[in-house]
Amino acid sequence: MVEYTPEVTYYNASRSGSGIKYGIIVFVILMAWAVYFCYRAYKIYLIKKACTTEVFATVAKINNSSHANDFVRYKYRRYTAIYRYEYNNQTVTGSNNCYGSMKTAKKIQEGDYVLVDIDPRNPALVYDDLAQSAFRFFLFTGIECTVLAFVTLITFWLT
């Protein structure tokens, strides 16, 4: 009787190249998000840099807008504040388009008297606690996306 022994060939799928391809795709997507978040943080930093004059202002209104996206099924709220203050003997209504967190928005109420930074060349531009909250969020999220992107790339590369 002839004995048959099957020949076994081992194939390392992780080194086939498809793993690193997926790693590169995930890396590029995460880095795109990181660039977006860091860009948003940079834009807020420019507002902070331009707002060099401190004034006392009254919180005229706190805007609370709710947004929902059915595609990814999430809902979030955005908070901005509108301020009234005196600058160069004129009453100015100022704000910014930076959306702060709910935690920060709860610290201020309509009618509160707060200290804000304004741009002397454009007195309607304000840097406030909500803008600072948004800056921190965008900066830290951008850093987290960058770290996660490199960890993902290294993980796919080594496996």
# chains A, B, ... in the order shown; residues from 1 in each chain; ligands from 1

$ residues_around --residues "A:Gly23" --least-positions-apart "2" --cutoff "9 Å" --atoms "only C-alpha atoms" --output "list in words"
Ser18, Gly19, Ile20, Lys21, Ile25, Val26, Phe27, Val28, Ala149, Thr152, Leu153, Ile154, Thr155, Phe156 and Trp157 of chain A

$ write_last_selection --atoms "C-alpha atoms" --output "mmCIF file, in the first residue's frame"
data_model
loop_
_atom_site.group_PDB
_atom_site.id
_atom_site.type_symbol
_atom_site.label_atom_id
_atom_site.label_comp_id
_atom_site.auth_asym_id
_atom_site.auth_seq_id
_atom_site.Cartn_x
_atom_site.Cartn_y
_atom_site.Cartn_z
ATOM 1 C CA SER A 18 -3.453 43.725 1.828
ATOM 2 C CA GLY A 19 -3.014 44.330 5.571
ATOM 3 C CA ILE A 20 -0.683 47.258 5.037
ATOM 4 C CA LYS A 21 -2.992 48.592 2.302
ATOM 5 C CA ILE A 25 -6.214 53.691 4.025
ATOM 6 C CA VAL A 26 -7.141 54.024 7.712
ATOM 7 C CA PHE A 27 -4.022 56.146 8.294
ATOM 8 C CA VAL A 28 -4.947 58.560 5.490
ATOM 9 C CA ALA A 149 -3.399 57.183 12.811
ATOM 10 C CA THR A 152 -2.956 52.067 13.351
ATOM 11 C CA LEU A 153 -0.266 52.281 10.680
ATOM 12 C CA ILE A 154 2.372 50.709 12.930
ATOM 13 C CA THR A 155 -0.054 47.972 14.012
ATOM 14 C CA PHE A 156 -0.908 47.061 10.444
ATOM 15 C CA TRP A 157 2.758 47.258 9.478
#

$ select_by_dssp --residues "stretch 10-142 of chain A" --states "alpha helix (DSSP H)" --output "ChimeraX atom specification"
/A:18-50,102-105,129-142

$ closest_residue --among "A:Met31, A:Val92, A:Cys38, A:Ile24" --to "A:Pro120" --atoms "only C-alpha atoms"
A:Val92

$ residues_around --residues "A:Ala131" --least-positions-apart "5" --cutoff "10 Å" --atoms "only C-alpha atoms" --output "PyMOL selection string"
chain A and resi 41+44-45+47-48+79-81+95-101+104+126+136-137

$ closest_residue --among "A:Ala60, A:Val35, A:Ala124, A:Val114" --to "A:Thr141" --atoms "only C-alpha atoms"
A:Val35

$ closest_residue --among "A:Ile82, A:Ile143, A:Leu148, A:Leu30" --to "A:Ile108" --atoms "only C-alpha atoms"
A:Ile82

$ closest_residue --among "A:Thr146, A:Thr53, A:Thr91, A:Thr58" --to "A:Gly111" --atoms "only C-alpha atoms"
A:Thr58

$ residues_around --residues "A:Val55" --least-positions-apart "5" --cutoff "9 Å" --atoms "only C-alpha atoms" --output "list in words"
Tyr85, Glu86, Tyr87, Val114, Leu115, Val116, Asp117 and Ile118 of chain A

$ atom_distance --atom1 "atom CA of A:Val59" --atom2 "atom CA of A:Tyr113"
6.5 Å

$ select_by_dssp --residues "chain A" --states "strand (DSSP E)" --output "count of residues only"
44

$ residues_around --residues "A:Leu139" --least-positions-apart "4" --cutoff "9 Å" --atoms "only C-alpha atoms" --output "ChimeraX atom specification"
/A:34,37-42,134-135,143-144

$ closest_residue --among "A:Tyr83, A:Gln90, A:Trp33, A:Asp129" --to "A:Met102" --atoms "only C-alpha atoms"
A:Asp129

$ decode --residues "stretch 86-118 of chain A" --atoms "N, CA and C atoms" --output "PDB file, in the first residue's frame"
ATOM      1  N   GLU A  86     -19.408  98.302  25.602  1.00  0.00           N
ATOM      2  CA  GLU A  86     -19.011  99.634  25.158  1.00  0.00           C
ATOM      3  C   GLU A  86     -17.550  99.578  24.713  1.00  0.00           C
ATOM      4  N   TYR A  87     -17.295 100.148  23.534  1.00  0.00           N
ATOM      5  CA  TYR A  87     -15.921 100.242  23.042  1.00  0.00           C
ATOM      6  C   TYR A  87     -15.811 101.527  22.227  1.00  0.00           C
ATOM      7  N   ASN A  88     -14.873 102.367  22.582  1.00  0.00           N
ATOM      8  CA  ASN A  88     -14.695 103.673  21.937  1.00  0.00           C
ATOM      9  C   ASN A  88     -15.989 104.481  21.916  1.00  0.00           C
ATOM     10  N   ASN A  89     -16.666 104.511  23.045  1.00  0.00           N
ATOM     11  CA  ASN A  89     -17.908 105.264  23.219  1.00  0.00           C
ATOM     12  C   ASN A  89     -19.030 104.812  22.286  1.00  0.00           C
ATOM     13  N   GLN A  90     -18.972 103.573  21.861  1.00  0.00           N
ATOM     14  CA  GLN A  90     -20.041 103.004  21.035  1.00  0.00           C
ATOM     15  C   GLN A  90     -20.493 101.688  21.654  1.00  0.00           C
ATOM     16  N   THR A  91     -21.789 101.414  21.539  1.00  0.00           N
ATOM     17  CA  THR A  91     -22.301 100.128  21.990  1.00  0.00           C
ATOM     18  C   THR A  91     -22.126  99.132  20.860  1.00  0.00           C
ATOM     19  N   VAL A  92     -21.442  98.051  21.171  1.00  0.00           N
ATOM     20  CA  VAL A  92     -21.117  97.041  20.160  1.00  0.00           C
ATOM     21  C   VAL A  92     -21.776  95.725  20.548  1.00  0.00           C
ATOM     22  N   THR A  93     -22.322  95.047  19.569  1.00  0.00           N
ATOM     23  CA  THR A  93     -22.824  93.689  19.751  1.00  0.00           C
ATOM     24  C   THR A  93     -21.839  92.767  19.055  1.00  0.00           C
ATOM     25  N   GLY A  94     -21.243  91.860  19.802  1.00  0.00           N
ATOM     26  CA  GLY A  94     -20.208  91.012  19.228  1.00  0.00           C
ATOM     27  C   GLY A  94     -20.379  89.553  19.581  1.00  0.00           C
ATOM     28  N   SER A  95     -19.786  88.715  18.749  1.00  0.00           N
ATOM     29  CA  SER A  95     -19.791  87.267  18.964  1.00  0.00           C
ATOM     30  C   SER A  95     -18.703  86.664  18.090  1.00  0.00           C
ATOM     31  N   ASN A  96     -18.692  85.345  18.030  1.00  0.00           N
ATOM     32  CA  ASN A  96     -17.813  84.627  17.115  1.00  0.00           C
ATOM     33  C   ASN A  96     -18.555  83.388  16.642  1.00  0.00           C
ATOM     34  N   ASN A  97     -17.999  82.684  15.713  1.00  0.00           N
ATOM     35  CA  ASN A  97     -18.658  81.469  15.215  1.00  0.00           C
ATOM     36  C   ASN A  97     -18.015  80.205  15.773  1.00  0.00           C
ATOM     37  N   CYS A  98     -17.425  80.314  16.960  1.00  0.00           N
ATOM     38  CA  CYS A  98     -16.838  79.165  17.636  1.00  0.00           C
ATOM     39  C   CYS A  98     -17.887  78.578  18.565  1.00  0.00           C
ATOM     40  N   TYR A  99     -18.098  77.304  18.464  1.00  0.00           N
ATOM     41  CA  TYR A  99     -19.136  76.653  19.253  1.00  0.00           C
ATOM     42  C   TYR A  99     -18.505  75.937  20.437  1.00  0.00           C
ATOM     43  N   GLY A 100     -18.897  76.360  21.624  1.00  0.00           N
ATOM     44  CA  GLY A 100     -18.345  75.779  22.830  1.00  0.00           C
ATOM     45  C   GLY A 100     -19.165  74.624  23.350  1.00  0.00           C
ATOM     46  N   SER A 101     -18.677  74.033  24.423  1.00  0.00           N
ATOM     47  CA  SER A 101     -19.320  72.859  25.008  1.00  0.00           C
ATOM     48  C   SER A 101     -20.478  73.260  25.911  1.00  0.00           C
ATOM     49  N   MET A 102     -21.334  72.301  26.205  1.00  0.00           N
ATOM     50  CA  MET A 102     -22.463  72.535  27.095  1.00  0.00           C
ATOM     51  C   MET A 102     -21.960  72.882  28.498  1.00  0.00           C
ATOM     52  N   LYS A 103     -20.906  72.230  28.918  1.00  0.00           N
ATOM     53  CA  LYS A 103     -20.349  72.479  30.248  1.00  0.00           C
ATOM     54  C   LYS A 103     -19.931  73.943  30.385  1.00  0.00           C
ATOM     55  N   THR A 104     -19.286  74.481  29.360  1.00  0.00           N
ATOM     56  CA  THR A 104     -18.866  75.877  29.378  1.00  0.00           C
ATOM     57  C   THR A 104     -20.065  76.804  29.258  1.00  0.00           C
ATOM     58  N   ALA A 105     -21.028  76.442  28.420  1.00  0.00           N
ATOM     59  CA  ALA A 105     -22.205  77.286  28.211  1.00  0.00           C
ATOM     60  C   ALA A 105     -23.048  77.402  29.481  1.00  0.00           C
ATOM     61  N   LYS A 106     -23.043  76.374  30.305  1.00  0.00           N
ATOM     62  CA  LYS A 106     -23.818  76.420  31.547  1.00  0.00           C
ATOM     63  C   LYS A 106     -23.219  77.373  32.576  1.00  0.00           C
ATOM     64  N   LYS A 107     -21.949  77.733  32.405  1.00  0.00           N
ATOM     65  CA  LYS A 107     -21.299  78.635  33.347  1.00  0.00           C
ATOM     66  C   LYS A 107     -21.748  80.087  33.164  1.00  0.00           C
ATOM     67  N   ILE A 108     -22.257  80.411  31.988  1.00  0.00           N
ATOM     68  CA  ILE A 108     -22.702  81.781  31.741  1.00  0.00           C
ATOM     69  C   ILE A 108     -24.200  81.790  31.471  1.00  0.00           C
ATOM     70  N   GLN A 109     -24.837  82.849  31.913  1.00  0.00           N
ATOM     71  CA  GLN A 109     -26.281  83.011  31.727  1.00  0.00           C
ATOM     72  C   GLN A 109     -26.534  84.347  31.049  1.00  0.00           C
ATOM     73  N   GLU A 110     -27.677  84.443  30.385  1.00  0.00           N
ATOM     74  CA  GLU A 110     -28.057  85.713  29.789  1.00  0.00           C
ATOM     75  C   GLU A 110     -28.167  86.755  30.891  1.00  0.00           C
ATOM     76  N   GLY A 111     -27.596  87.926  30.637  1.00  0.00           N
ATOM     77  CA  GLY A 111     -27.595  89.004  31.622  1.00  0.00           C
ATOM     78  C   GLY A 111     -26.343  89.055  32.477  1.00  0.00           C
ATOM     79  N   ASP A 112     -25.497  88.015  32.433  1.00  0.00           N
ATOM     80  CA  ASP A 112     -24.246  88.020  33.207  1.00  0.00           C
ATOM     81  C   ASP A 112     -23.296  89.089  32.680  1.00  0.00           C
ATOM     82  N   TYR A 113     -22.481  89.581  33.564  1.00  0.00           N
ATOM     83  CA  TYR A 113     -21.456  90.565  33.239  1.00  0.00           C
ATOM     84  C   TYR A 113     -20.122  89.823  33.247  1.00  0.00           C
ATOM     85  N   VAL A 114     -19.478  89.695  32.079  1.00  0.00           N
ATOM     86  CA  VAL A 114     -18.267  88.883  31.957  1.00  0.00           C
ATOM     87  C   VAL A 114     -17.157  89.669  31.274  1.00  0.00           C
ATOM     88  N   LEU A 115     -15.958  89.188  31.438  1.00  0.00           N
ATOM     89  CA  LEU A 115     -14.791  89.776  30.793  1.00  0.00           C
ATOM     90  C   LEU A 115     -14.486  88.983  29.524  1.00  0.00           C
ATOM     91  N   VAL A 116     -14.433  89.670  28.377  1.00  0.00           N
ATOM     92  CA  VAL A 116     -14.125  89.014  27.104  1.00  0.00           C
ATOM     93  C   VAL A 116     -13.018  89.794  26.406  1.00  0.00           C
ATOM     94  N   ASP A 117     -12.369  89.129  25.476  1.00  0.00           N
ATOM     95  CA  ASP A 117     -11.342  89.770  24.657  1.00  0.00           C
ATOM     96  C   ASP A 117     -11.953  90.119  23.311  1.00  0.00           C
ATOM     97  N   ILE A 118     -11.648  91.329  22.826  1.00  0.00           N
ATOM     98  CA  ILE A 118     -12.158  91.741  21.516  1.00  0.00           C
ATOM     99  C   ILE A 118     -11.013  92.177  20.625  1.00  0.00           C
TER     100      ILE A 118
END
